[in-house]
file model_5.txt (compact mmCIF, C-alpha atoms and all ligand atoms)
# COMPACT_ATOMS: atom_id res chain seq x y z
CA MET G 152 0.00 0.00 0.00
CA THR G 153 1.45 3.33 -0.91
CA ASN G 154 -1.49 5.59 -0.15
CA ARG G 155 -3.98 5.35 2.62
CA SER G 156 -6.72 7.51 1.23
CA LEU G 157 -9.74 8.27 3.31
CA LEU G 158 -13.06 7.62 1.80
CA ALA G 159 -14.89 10.88 2.05
CA CYS G 160 -18.43 9.76 1.44
CA LEU G 161 -19.19 8.36 4.84
CA GLY G 162 -22.69 6.99 5.13
CA LEU G 163 -24.91 9.46 3.35
CA LEU G 164 -28.28 8.80 4.78
CA ALA G 165 -31.48 9.76 3.07
CA GLY G 166 -33.43 9.65 6.24
CA ALA G 167 -35.59 12.55 5.17
CA GLY G 168 -38.76 10.54 4.65
CA LEU G 169 -40.71 12.25 7.40
CA LEU G 170 -44.40 11.67 7.35
CA LEU G 171 -46.48 14.07 9.37
CA SER G 172 -49.36 12.12 10.77
CA GLY G 173 -52.73 13.75 10.47
CA ALA G 174 -51.63 16.49 8.11
CA LYS G 175 -52.69 16.15 4.52
CA PRO G 176 -49.83 16.70 2.23
CA LEU G 177 -50.34 19.34 -0.42
CA ALA G 178 -48.40 17.39 -2.91
CA PRO G 179 -47.95 13.65 -3.26
CA PRO G 180 -45.30 12.51 -0.80
CA PRO G 181 -41.95 12.04 -2.36
CA MET G 182 -41.12 8.48 -3.29
CA ALA G 183 -39.03 6.93 -0.61
CA THR G 184 -35.81 6.47 -2.49
CA PRO G 185 -33.35 4.33 -0.60
CA ALA G 186 -29.90 5.81 -0.26
CA ALA G 187 -27.47 4.44 -2.73
CA ASP G 188 -25.09 2.22 -0.83
CA SER G 189 -21.67 3.71 -0.80
CA LEU G 190 -18.96 1.15 -0.90
CA LEU G 191 -15.51 1.07 0.57
CA ARG G 192 -13.34 -1.12 -1.61
CA LEU G 193 -9.94 -2.40 -0.73
CA ARG G 194 -7.54 -4.96 -2.01
CA ILE G 195 -5.53 -7.25 0.24
CA THR G 196 -2.67 -9.07 -1.45
CA CYS G 197 -0.71 -11.90 0.12
CA VAL G 198 2.31 -13.88 -1.05
CA GLY G 199 3.87 -17.03 0.38
CA ASP G 200 7.38 -17.70 1.64
CA LEU G 201 9.99 -14.96 1.48
CA MET G 202 13.12 -17.10 1.79
CA CYS G 203 16.73 -16.01 1.86
CA HIS G 204 18.78 -19.04 0.90
CA GLY G 205 22.53 -18.54 0.50
CA PRO G 206 22.38 -17.87 -3.26
CA VAL G 207 19.67 -15.24 -2.70
CA PHE G 208 21.91 -13.01 -0.59
CA GLN G 209 24.99 -13.85 -2.66
CA PHE G 210 23.18 -12.53 -5.74
CA ALA G 211 22.17 -9.42 -3.78
CA LYS G 212 25.74 -8.61 -2.74
CA GLN G 213 27.10 -5.37 -4.15
CA ALA G 214 30.68 -4.42 -4.98
CA ASP G 215 30.93 -2.37 -1.76
CA GLY G 216 29.88 -5.37 0.37
CA SER G 217 26.32 -4.15 0.98
CA TYR G 218 23.23 -6.11 -0.07
CA ASP G 219 20.45 -4.89 -2.33
CA PHE G 220 17.46 -7.19 -2.73
CA ALA G 221 15.07 -4.65 -4.23
CA PRO G 222 15.92 -5.37 -7.90
CA MET G 223 14.71 -8.97 -7.41
CA TYR G 224 11.19 -7.65 -6.85
CA ALA G 225 11.24 -5.05 -9.64
CA PRO G 226 9.03 -6.93 -12.13
CA VAL G 227 6.30 -7.55 -9.52
CA ARG G 228 6.63 -4.39 -7.47
CA ASP G 229 3.69 -2.58 -9.05
CA TYR G 230 1.29 -5.40 -8.21
CA LEU G 231 2.36 -5.44 -4.57
CA ALA G 232 2.70 -1.70 -4.06
CA SER G 233 -0.69 -0.98 -5.59
CA ALA G 234 -2.61 -3.17 -3.14
CA ASP G 235 -4.07 -1.49 -0.08
CA PHE G 236 -2.61 -4.07 2.27
CA THR G 237 0.26 -6.32 1.21
CA LEU G 238 1.37 -9.31 3.27
CA GLY G 239 3.86 -12.18 3.11
CA ASN G 240 5.71 -14.70 5.26
CA LEU G 241 9.21 -13.63 6.27
CA GLU G 242 10.93 -16.99 6.63
CA THR G 243 14.29 -15.91 7.92
CA VAL G 244 15.70 -13.87 10.77
CA LEU G 245 17.75 -10.70 10.89
CA ALA G 246 20.13 -11.75 13.64
CA GLY G 247 22.93 -9.32 12.85
CA THR G 248 26.57 -9.71 11.97
CA SER G 249 27.93 -11.30 15.13
CA THR G 250 27.59 -14.55 13.21
CA ASP G 251 27.76 -14.99 9.45
CA TYR G 252 24.81 -14.64 7.17
CA SER G 253 23.51 -18.05 6.26
CA GLY G 254 20.86 -19.86 4.32
CA TYR G 255 19.38 -23.27 5.01
CA PRO G 256 19.24 -24.88 7.55
CA GLN G 257 19.61 -22.03 10.04
CA PHE G 258 18.92 -18.74 8.39
CA ASN G 259 20.38 -15.35 9.13
CA SER G 260 19.92 -12.57 6.59
CA PRO G 261 21.13 -9.01 6.11
CA ASN G 262 18.93 -6.21 7.45
CA SER G 263 18.52 -4.91 3.93
CA TYR G 264 16.35 -7.94 3.18
CA ALA G 265 13.66 -6.02 5.10
CA ASP G 266 14.46 -2.76 3.30
CA ALA G 267 13.51 -4.41 0.01
CA LEU G 268 10.21 -5.61 1.46
CA VAL G 269 9.38 -2.08 2.55
CA SER G 270 10.31 -0.52 -0.79
CA THR G 271 8.35 -3.21 -2.61
CA GLY G 272 5.17 -2.26 -0.77
CA PHE G 273 4.75 -4.85 1.99
CA ASP G 274 2.64 -3.48 4.84
CA ALA G 275 3.18 -6.27 7.37
CA VAL G 276 4.94 -9.65 7.48
CA PHE G 277 4.11 -12.89 9.23
CA THR G 278 7.18 -13.89 11.22
CA THR G 279 6.09 -17.13 12.85
CA ASN G 280 7.39 -20.20 11.03
CA ASN G 281 9.76 -23.12 11.44
CA HIS G 282 12.75 -20.78 10.97
CA SER G 283 11.71 -18.03 13.42
CA TYR G 284 13.82 -19.59 16.15
CA ASP G 285 16.83 -20.41 13.95
CA ARG G 286 18.96 -17.93 15.93
CA ARG G 287 17.18 -18.53 19.21
CA GLU G 288 15.64 -15.81 21.34
CA ALA G 289 18.20 -13.18 20.33
CA GLY G 290 17.33 -13.76 16.68
CA VAL G 291 13.59 -13.40 17.31
CA ILE G 292 14.10 -10.17 19.28
CA ARG G 293 16.58 -8.60 16.87
CA THR G 294 14.31 -9.38 13.92
CA LEU G 295 11.46 -7.62 15.72
CA ASP G 296 13.75 -4.65 16.44
CA GLU G 297 14.88 -4.32 12.83
CA LEU G 298 11.36 -4.58 11.46
CA LYS G 299 10.16 -2.04 13.99
CA LYS G 300 12.87 0.41 12.89
CA ARG G 301 11.50 0.09 9.37
CA ARG G 302 7.89 0.41 10.53
CA LEU G 303 7.13 -3.01 9.05
CA PRO G 304 4.83 -4.76 11.53
CA ALA G 305 5.70 -8.36 12.46
CA ILE G 306 2.84 -10.74 13.14
CA GLY G 307 3.25 -13.92 15.20
CA THR G 308 6.53 -13.40 17.08
CA HIS G 309 6.72 -11.35 20.25
CA TYR G 310 8.90 -9.69 22.86
CA SER G 311 6.93 -10.86 25.86
CA PRO G 312 3.73 -12.63 26.97
CA GLN G 313 2.04 -9.20 27.20
CA ASP G 314 3.15 -8.39 23.69
CA ARG G 315 1.78 -11.73 22.50
CA ASP G 316 -1.57 -11.09 24.09
CA SER G 317 -2.04 -7.76 22.38
CA VAL G 318 -3.60 -8.63 19.07
CA ARG G 319 -2.59 -6.46 16.11
CA ILE G 320 -5.39 -4.49 14.50
CA PHE G 321 -4.80 -2.34 11.44
CA ASP G 322 -6.88 0.47 10.03
CA VAL G 323 -6.78 0.11 6.28
CA LYS G 324 -8.74 2.84 4.49
CA GLY G 325 -11.10 2.85 7.45
CA LEU G 326 -11.59 -0.92 7.67
CA LYS G 327 -10.34 -2.54 10.86
CA ILE G 328 -8.38 -5.71 10.11
CA GLY G 329 -7.10 -8.08 12.80
CA LEU G 330 -3.97 -10.04 11.81
CA LEU G 331 -2.93 -13.24 13.57
CA ALA G 332 -0.22 -15.81 12.78
CA TYR G 333 0.80 -19.24 14.06
CA THR G 334 3.17 -22.04 13.10
CA GLU G 335 2.77 -25.82 13.28
CA PHE G 336 6.46 -26.39 13.97
CA SER G 337 9.83 -24.93 14.78
CA ASN G 338 13.07 -26.51 13.58
CA LEU G 339 14.72 -25.72 16.90
CA THR G 340 12.63 -26.27 20.01
CA VAL G 341 11.24 -23.12 21.56
CA PRO G 342 11.42 -23.49 25.38
CA ALA G 343 8.08 -24.26 26.97
CA ASN G 344 8.20 -21.13 29.13
CA LYS G 345 8.90 -18.90 26.11
CA GLN G 346 6.22 -20.03 23.70
CA TYR G 347 5.19 -16.38 23.29
CA LEU G 348 8.31 -15.82 21.19
CA VAL G 349 6.95 -17.92 18.31
CA ASN G 350 3.19 -18.37 18.22
CA PRO G 351 2.33 -22.10 17.91
CA ILE G 352 -0.85 -23.40 16.30
CA ASP G 353 -3.04 -24.10 19.28
CA SER G 354 -6.75 -23.99 18.62
CA ALA G 355 -7.61 -22.60 22.06
CA LEU G 356 -5.09 -19.80 21.59
CA VAL G 357 -6.31 -19.06 18.07
CA SER G 358 -9.93 -18.88 19.26
CA ARG G 359 -8.99 -16.59 22.13
CA ASP G 360 -7.08 -14.25 19.83
CA ILE G 361 -9.89 -14.12 17.28
CA ALA G 362 -12.36 -13.28 20.05
CA GLN G 363 -10.05 -10.55 21.32
CA ALA G 364 -9.67 -9.11 17.81
CA ARG G 365 -13.47 -8.98 17.44
CA ARG G 366 -13.89 -7.42 20.87
CA ARG G 367 -11.41 -4.74 19.92
CA GLY G 368 -13.35 -3.88 16.80
CA ALA G 369 -11.79 -5.96 14.03
CA GLU G 370 -14.30 -6.13 11.20
CA LEU G 371 -12.16 -8.57 9.26
CA VAL G 372 -9.96 -11.23 10.87
CA VAL G 373 -7.12 -12.63 8.80
CA VAL G 374 -5.21 -15.62 10.16
CA ASN G 375 -1.90 -16.94 8.85
CA PHE G 376 -0.81 -20.55 9.35
CA HIS G 377 2.60 -22.04 8.64
CA TRP G 378 1.86 -25.72 8.28
CA GLY G 379 1.46 -28.79 6.13
CA ASN G 380 3.70 -31.24 4.32
CA GLU G 381 6.53 -29.92 2.23
CA TYR G 382 6.16 -30.42 -1.53
CA GLN G 383 2.60 -31.75 -1.26
CA ARG G 384 0.24 -30.03 -3.66
CA PHE G 385 -2.89 -30.74 -1.64
CA PRO G 386 -3.65 -30.09 2.02
CA ASN G 387 -3.50 -32.85 4.60
CA ASP G 388 -6.14 -33.71 7.20
CA TYR G 389 -4.52 -31.56 9.86
CA GLN G 390 -4.72 -28.47 7.65
CA LYS G 391 -8.37 -29.17 6.90
CA GLN G 392 -9.26 -29.73 10.55
CA VAL G 393 -7.51 -26.57 11.72
CA THR G 394 -9.22 -24.65 8.93
CA ALA G 395 -12.66 -25.81 10.03
CA ARG G 396 -11.92 -24.95 13.66
CA THR G 397 -10.52 -21.53 12.76
CA PHE G 398 -13.52 -20.55 10.68
CA ALA G 399 -15.78 -21.86 13.44
CA ALA G 400 -13.93 -19.58 15.85
CA GLY G 401 -14.78 -16.57 13.72
CA ALA G 402 -11.93 -16.01 11.25
CA ASP G 403 -12.75 -14.60 7.82
CA VAL G 404 -9.63 -15.35 5.81
CA ILE G 405 -6.78 -17.83 6.19
CA PHE G 406 -3.55 -17.33 4.27
CA ALA G 407 -1.06 -20.13 4.74
CA GLU G 408 2.24 -21.49 3.54
CA HIS G 409 5.25 -23.75 4.22
CA PRO G 410 4.89 -26.63 1.71
CA HIS G 411 7.04 -24.57 -0.77
CA VAL G 412 4.50 -25.35 -3.48
CA LEU G 413 1.05 -23.99 -4.16
CA GLN G 414 -2.00 -25.70 -2.75
CA PRO G 415 -5.64 -24.98 -3.61
CA VAL G 416 -7.76 -22.09 -2.52
CA GLU G 417 -11.28 -22.73 -1.27
CA MET G 418 -14.34 -20.82 -0.20
CA HIS G 419 -16.08 -21.84 2.99
CA LYS G 420 -19.42 -20.97 4.38
CA LEU G 421 -18.63 -19.17 7.60
CA PRO G 422 -20.14 -20.89 10.61
CA ALA G 423 -19.46 -17.67 12.53
CA GLN G 424 -22.08 -15.95 10.41
CA ALA G 425 -24.59 -18.61 11.28
CA GLN G 426 -23.74 -18.12 14.93
CA GLY G 427 -24.80 -14.50 14.71
CA PHE G 428 -21.53 -12.60 14.40
CA LYS G 429 -22.48 -9.09 13.43
CA VAL G 430 -19.33 -8.40 11.49
CA GLY G 431 -17.15 -10.33 9.13
CA LEU G 432 -17.15 -11.47 5.55
CA ASP G 433 -20.05 -13.09 3.77
CA SER G 434 -17.86 -16.11 2.97
CA GLY G 435 -14.49 -17.35 4.15
CA LEU G 436 -11.43 -17.94 2.06
CA ILE G 437 -8.60 -20.36 2.75
CA ALA G 438 -5.38 -20.45 0.74
CA TYR G 439 -3.77 -23.68 1.97
CA SER G 440 -0.31 -22.80 0.69
CA LEU G 441 0.82 -19.77 -1.25
CA GLY G 442 4.11 -21.44 -2.22
CA ASN G 443 7.51 -19.80 -2.50
CA PHE G 444 7.51 -16.17 -3.49
CA ILE G 445 11.28 -15.88 -3.47
CA SER G 446 13.65 -18.75 -2.78
CA ASN G 447 16.54 -20.66 -4.26
CA GLN G 448 14.36 -23.72 -4.86
CA GLN G 449 14.48 -24.36 -8.56
CA LYS G 450 12.55 -27.58 -9.09
CA ARG G 451 9.18 -27.71 -10.78
CA TYR G 452 6.40 -26.36 -8.50
CA THR G 453 8.88 -24.90 -5.99
CA ASP G 454 9.95 -22.14 -8.39
CA ALA G 455 6.36 -20.90 -8.66
CA GLY G 456 4.39 -18.67 -6.34
CA VAL G 457 1.44 -16.35 -6.42
CA MET G 458 0.23 -12.90 -5.50
CA LEU G 459 -3.26 -13.65 -4.24
CA SER G 460 -5.59 -10.67 -4.03
CA LEU G 461 -8.92 -10.34 -2.30
CA GLN G 462 -11.16 -7.45 -3.10
CA ILE G 463 -13.20 -6.65 -0.04
CA GLU G 464 -16.23 -4.40 -0.17
CA LYS G 465 -17.76 -2.74 2.83
CA ASN G 466 -21.21 -1.30 2.54
CA LEU G 467 -20.86 1.93 4.49
CA ARG G 468 -24.60 2.12 5.09
CA THR G 469 -25.05 -1.35 6.55
CA GLY G 470 -21.48 -2.05 7.64
CA LYS G 471 -21.62 -5.40 5.86
CA LEU G 472 -18.52 -6.87 4.27
CA ARG G 473 -18.39 -8.82 1.07
CA LEU G 474 -15.63 -10.79 -0.59
CA ALA G 475 -16.25 -9.28 -3.98
CA GLN G 476 -13.47 -10.87 -5.97
CA VAL G 477 -10.54 -13.23 -5.66
CA GLN G 478 -7.77 -12.76 -8.15
CA TYR G 479 -4.23 -13.92 -8.56
CA VAL G 480 -1.04 -13.34 -10.46
CA PRO G 481 1.10 -16.47 -10.66
CA THR G 482 4.81 -15.80 -10.29
CA TRP G 483 8.03 -17.57 -11.20
CA VAL G 484 11.58 -17.08 -9.99
CA PHE G 485 14.38 -16.94 -12.50
CA LYS G 486 17.88 -17.53 -11.25
CA GLY G 487 20.81 -17.89 -13.55
CA LYS G 488 22.92 -16.35 -16.21
CA ALA G 489 21.03 -14.47 -18.87
CA ALA G 490 22.49 -12.10 -21.44
CA GLY G 491 25.91 -12.43 -19.84
CA ARG G 492 24.90 -11.54 -16.29
CA ASP G 493 23.79 -13.37 -13.20
CA ARG G 494 20.20 -12.58 -12.41
CA PHE G 495 17.72 -13.42 -9.70
CA ILE G 496 14.24 -12.06 -10.32
CA ILE G 497 10.58 -12.73 -9.60
CA LEU G 498 8.43 -12.50 -12.72
CA PRO G 499 4.68 -12.58 -13.31
CA SER G 500 4.59 -15.90 -15.12
CA PHE G 501 1.83 -14.96 -17.56
CA ALA G 502 4.62 -13.08 -19.31
CA ALA G 503 5.78 -16.44 -20.70
CA LYS G 504 2.96 -16.04 -23.20
CA ALA G 505 4.10 -12.56 -24.20
CA ASP G 506 4.65 -13.61 -27.80
CA GLN G 507 0.88 -14.01 -28.06
CA PHE G 508 0.15 -10.53 -26.74
CA PRO G 509 -1.32 -8.09 -29.24
CA SER G 510 0.58 -4.85 -29.56
CA PHE G 511 -1.67 -2.94 -27.17
CA MET G 512 -0.66 -5.33 -24.39
CA GLN G 513 3.06 -5.08 -24.92
CA HIS G 514 3.44 -2.64 -22.07
CA LEU G 515 2.53 -5.49 -19.71
CA VAL G 516 5.66 -7.40 -20.65
CA PRO G 517 8.30 -6.92 -17.97
CA PRO G 518 11.46 -5.46 -19.53
CA GLU G 519 13.51 -8.19 -17.79
CA LEU G 520 11.95 -10.71 -20.16
CA ILE G 521 14.28 -9.85 -23.00
CA TYR G 522 17.16 -11.44 -21.10
CA LEU G 523 15.50 -14.83 -20.96
CA GLU G 524 16.13 -17.63 -23.40
CA LYS G 525 13.58 -19.95 -24.94
CA SER G 526 14.30 -22.68 -22.40
CA HIS G 527 13.70 -20.23 -19.53
CA LEU G 528 10.41 -19.15 -21.06
CA ALA G 529 9.34 -22.77 -21.41
CA ARG G 530 9.93 -23.34 -17.69
CA MET G 531 8.06 -20.17 -16.84
CA GLU G 532 5.13 -21.22 -19.00
CA GLN G 533 5.09 -24.61 -17.30
CA ALA G 534 5.00 -22.85 -13.92
CA TYR G 535 2.15 -20.65 -15.09
CA ASP G 536 0.09 -23.63 -16.22
CA ASP G 537 0.87 -25.61 -13.05
CA SER G 538 -0.14 -22.69 -10.86
CA ARG G 539 -3.39 -22.06 -12.64
CA PHE G 540 -4.23 -25.73 -12.43
CA ILE G 541 -3.83 -25.85 -8.67
CA LEU G 542 -5.36 -22.45 -7.90
CA ASN G 543 -8.42 -23.22 -9.96
CA ASN G 544 -8.63 -26.77 -8.78
CA ARG G 545 -11.98 -27.83 -7.39
CA TYR G 546 -11.02 -29.58 -4.29
CA PRO G 547 -13.68 -32.19 -3.50
CA ALA G 548 -15.83 -31.32 -0.51
CA ALA G 549 -14.68 -33.30 2.48
CA HIS G 550 -16.63 -34.50 5.49
CA SER G 551 -18.75 -31.48 6.16
CA ALA G 552 -21.61 -30.24 4.08
CA ALA G 553 -21.31 -26.87 5.77
CA TRP G 554 -18.79 -25.68 3.21
CA GLN G 555 -18.06 -26.15 -0.41
CA PRO G 556 -15.15 -25.40 -2.66
CA MET G 557 -15.22 -22.31 -4.75
CA GLN G 558 -15.95 -22.83 -8.39
CA ARG G 559 -13.16 -20.93 -9.97
CA LEU G 560 -10.84 -18.07 -9.33
CA ASN G 561 -10.60 -15.21 -11.67
CA PRO G 562 -7.05 -15.01 -12.81
CA LEU G 563 -5.76 -11.59 -12.04
CA GLU G 564 -3.86 -10.48 -14.95
CA PRO G 565 -4.01 -6.84 -15.83
CA PRO G 566 -7.44 -6.00 -17.27
CA ALA G 567 -6.39 -6.28 -20.88
CA LEU G 568 -5.13 -9.79 -20.33
CA ARG G 569 -8.26 -10.76 -18.54
CA ALA G 570 -10.31 -9.62 -21.46
CA ALA G 571 -8.18 -11.57 -23.86
CA TRP G 572 -7.98 -14.80 -21.94
CA ALA G 573 -11.13 -14.97 -19.91
CA PRO G 574 -14.01 -14.35 -22.28
CA ALA G 575 -16.56 -14.71 -19.52
CA PRO G 576 -17.04 -11.38 -17.75
CA LEU G 577 -15.55 -11.17 -14.31
CA ARG G 578 -18.15 -11.81 -11.74
CA GLY G 579 -18.33 -11.94 -8.00
CA LEU G 580 -17.85 -15.23 -6.28
CA PRO G 581 -20.85 -17.48 -6.05
CA ARG G 582 -22.88 -16.85 -2.94
CA LEU G 583 -22.79 -19.73 -0.54
CA LYS G 584 -26.01 -21.04 0.83
ZN ZN G 601 8.52 -23.19 6.46
call {"tool": "encode", "arguments": {"input": "model_5.txt", "output": "structure tokens", "more": "lines below"}}
Ligand SMILES: [Zn+2]
result
Amino acid sequence: MTNRSLLACLGLLAGAGLLLSGAKPLAPPPMATPAADSLLRLRITCVGDLMCHGPVFQFAKQADGSYDFAPMYAPVRDYLASADFTLGNLETVLAGTSTDYSGYPQFNSPNSYADALVSTGFDAVFTTNNHSYDRREAGVIRTLDELKKRRLPAIGTHYSPQDRDSVRIFDVKGLKIGLLAYTEFSNLTVPANKQYLVNPIDSALVSRDIAQARRRGAELVVVNFHWGNEYQRFPNDYQKQVTARTFAAGADVIFAEHPHVLQPVEMHKLPAQAQGFKVGLDSGLIAYSLGNFISNQQKRYTDAGVMLSLQIEKNLRTGKLRLAQVQYVPTWVFKGKAAGRDRFIILPSFAAKADQFPSFMQHLVPPELIYLEKSHLARMEQAYDDSRFILNNRYPAAHSAAWQPMQRLNPLEPPALRAAWAPAPLRGLPRLK
């Protein structure tokens, strides 16, 4: 988000339909025209794992010894910066230079890794994952300090039990959004008396936090989970069970990651609505795994990610929220030598089909594309097709009839692309019964 503009037209009420009892009107009473609903619209965009494997920071190293990660995001920056609220999972720690920078298995990355996230448009990062504790308590605390200095909120890791218990609520264009994050595992064991450092997935805790967010005025509750089986393209039973419990506890949206590959997105009927919650979305969305956004993993499926965008509408007259549209831009990471130089960049993978673009769409082609060879483009196209397959996949309804999978996502390419590739007009998501 680059601009937080205030919506000026706050709740214009046409409450002027006064009828004076007993008095005969001289003229026919005016037709009671209901006020046009004014809508607040905002776009939330989330990506998956932001990894910093050894080759990632080696590529970012400059001649003077500093690190600059921002160019890696250049081809996707506009998509992220233009959203009203941009999120991702920071899967490394900024533990400083007292030990060396390192990639897998115990990460430690330069501070400038966070600078690039800020300049790319991220508004908050989830920091609870299996690598949060890679540099123990000092690493958790220093990461929080460095993010704080950059005014990039961290969700899911904490300084203290009190800090943990104070749920983060953001005001985005006037909509109050509660953000929560939890992880299924930690590679190094977090001491039992310091669990607040790295939020674990614990259904009682999640429910308590959701309730607190609602009590404190959150109209939308977004939960992040770091979970699942690595390299599996479909969610396991644990993910499905936690999802059901989290929606039942009142969450609206679940963004998740860790498998390093994409997993399906589904729509759920929100039990919370049925239980009489006054606020919240009309239907819940779960993204089981958003895959790698940036990493050194180069194998099929692991080199692909996504920028998943939800368009939320708030009716300013009724206060009701609606998930108006779900869109996505699949991404692909290129690492290697191209046109005589080492490069490491994230690309919108629809660009693999750039040779089919008519001339009026040429401006959508990232300039970095000219460096890529045919074989690179073929891999990118494969990633694009793989991602669309999984994101549009109709995951069969499981045990409960209370929810159903969404029919289809609208691929978010820029509008011209949508028109060219998706002949059916964009429509809102099907209403769940
Ligand atoms: Zn992970």
call {"tool": "closest_residue", "arguments": {"input": "model_5.txt", "among": "G:Thr271, G:Thr196, G:Asn344, G:Asn262", "to": "Arg228 in chain G", "atoms": "all atoms listed in the file"}}
result
G:Thr271
call {"tool": "closest_residue", "arguments": {"input": "model_5.txt", "among": "G:Asn447, G:Thr250, G:Gln476, G:Asn338", "to": "ligand ZN 601 (chain G)", "atoms": "all atoms listed in the file"}}
result
G:Asn338
call {"tool": "residues_near_ligand", "arguments": {"input": "model_5.txt", "ligand": "ligand ZN 601 (chain G)", "cutoff": "12 Å", "atoms": "all atoms listed in the file", "output": "PyMOL selection string"}}
result
chain G and resi 199-203+240-243+255-258+277-285+333-338+376-382+407-412+440-443+446
call {"tool": "atom_distance", "arguments": {"input": "model_5.txt", "atom1": "CA of Val198 in chain G", "atom2": "CA of Met458 in chain G"}}
result
5.0 Å
call {"tool": "closest_residue", "arguments": {"input": "model_5.txt", "among": "G:Tyr479, G:Tyr522, G:Tyr264, G:Phe540", "to": "Val207 in chain G", "atoms": "all atoms listed in the file"}}
result
G:Tyr264
call {"tool": "residues_around", "arguments": {"input": "model_5.txt", "residues": "Ala369 in chain G", "least_positions_apart": "4", "cutoff": "6 Å", "atoms": "all atoms listed in the file", "output": "list in words"}}
result
Lys327, Ile328, Gly329, Ala364 and Arg365 of chain G
call {"tool": "closest_residue", "arguments": {"input": "model_5.txt", "among": "G:Thr237, G:Thr340, G:Thr397, G:Asn544", "to": "Ser270 in chain G", "atoms": "only C-alpha atoms"}}
result
G:Thr237
call {"tool": "closest_residue", "arguments": {"input": "model_5.txt", "among": "G:Leu515, G:Leu326, G:Ala232, G:Ala395", "to": "Ile463 in chain G", "atoms": "only C-alpha atoms"}}
result
G:Leu326
call {"tool": "closest_residue", "arguments": {"input": "model_5.txt", "among": "G:Ala267, G:Leu371, G:Ile541, G:Leu356", "to": "Arg396 in chain G", "atoms": "only C-alpha atoms"}}
result
G:Leu356
call {"tool": "atom_distance", "arguments": {"input": "model_5.txt", "atom1": "CA of Lys486 in chain G", "atom2": "CA of Glu297 in chain G"}}
result
27.6 Å
call {"tool": "atom_distance", "arguments": {"input": "model_5.txt", "atom1": "CA of Trp483 in chain G", "atom2": "CA of Val349 in chain G"}}
result
29.5 Å
call {"tool": "residues_around", "arguments": {"input": "model_5.txt", "residues": "Gly205 in chain G", "least_positions_apart": "4", "cutoff": "7 Å", "atoms": "all atoms listed in the file", "output": "list in words"}}
result
Gln209, Ser253 and Gly254 of chain G
call {"tool": "build_atoms", "arguments": {"input": "model_5.txt", "residues": "range 357-368 of chain G", "atoms": "N, CA and C atoms", "output": "short mmCIF file (atom, residue, chain, number, x, y, z; two decimals), keeping the file's coordinate frame"}}
result
data_model
loop_
_atom_site.label_atom_id
_atom_site.label_comp_id
_atom_site.auth_asym_id
_atom_site.auth_seq_id
_atom_site.Cartn_x
_atom_site.Cartn_y
_atom_site.Cartn_z
N VAL G 357 -5.80 -19.71 19.28
CA VAL G 357 -6.31 -19.06 18.07
C VAL G 357 -7.72 -18.51 18.34
N SER G 358 -8.55 -19.31 18.97
CA SER G 358 -9.93 -18.88 19.26
C SER G 358 -9.94 -17.66 20.17
N ARG G 359 -9.07 -17.71 21.18
CA ARG G 359 -8.99 -16.59 22.13
C ARG G 359 -8.58 -15.30 21.41
N ASP G 360 -7.59 -15.43 20.54
CA ASP G 360 -7.08 -14.25 19.83
C ASP G 360 -8.13 -13.68 18.87
N ILE G 361 -8.85 -14.59 18.20
CA ILE G 361 -9.89 -14.12 17.28
C ILE G 361 -10.96 -13.36 18.07
N ALA G 362 -11.34 -13.93 19.22
CA ALA G 362 -12.36 -13.28 20.05
C ALA G 362 -11.87 -11.91 20.51
N GLN G 363 -10.59 -11.84 20.88
CA GLN G 363 -10.05 -10.55 21.32
C GLN G 363 -10.06 -9.53 20.17
N ALA G 364 -9.68 -10.00 18.97
CA ALA G 364 -9.67 -9.11 17.81
C ALA G 364 -11.08 -8.56 17.56
N ARG G 365 -12.09 -9.42 17.66
CA ARG G 365 -13.47 -8.98 17.44
C ARG G 365 -13.88 -7.99 18.52
N ARG G 366 -13.53 -8.32 19.76
CA ARG G 366 -13.89 -7.42 20.87
C ARG G 366 -13.28 -6.04 20.67
N ARG G 367 -12.10 -6.02 20.11
CA ARG G 367 -11.41 -4.74 19.92
C ARG G 367 -11.78 -4.09 18.59
N GLY G 368 -12.80 -4.61 17.95
CA GLY G 368 -13.35 -3.88 16.80
C GLY G 368 -12.92 -4.36 15.44
#
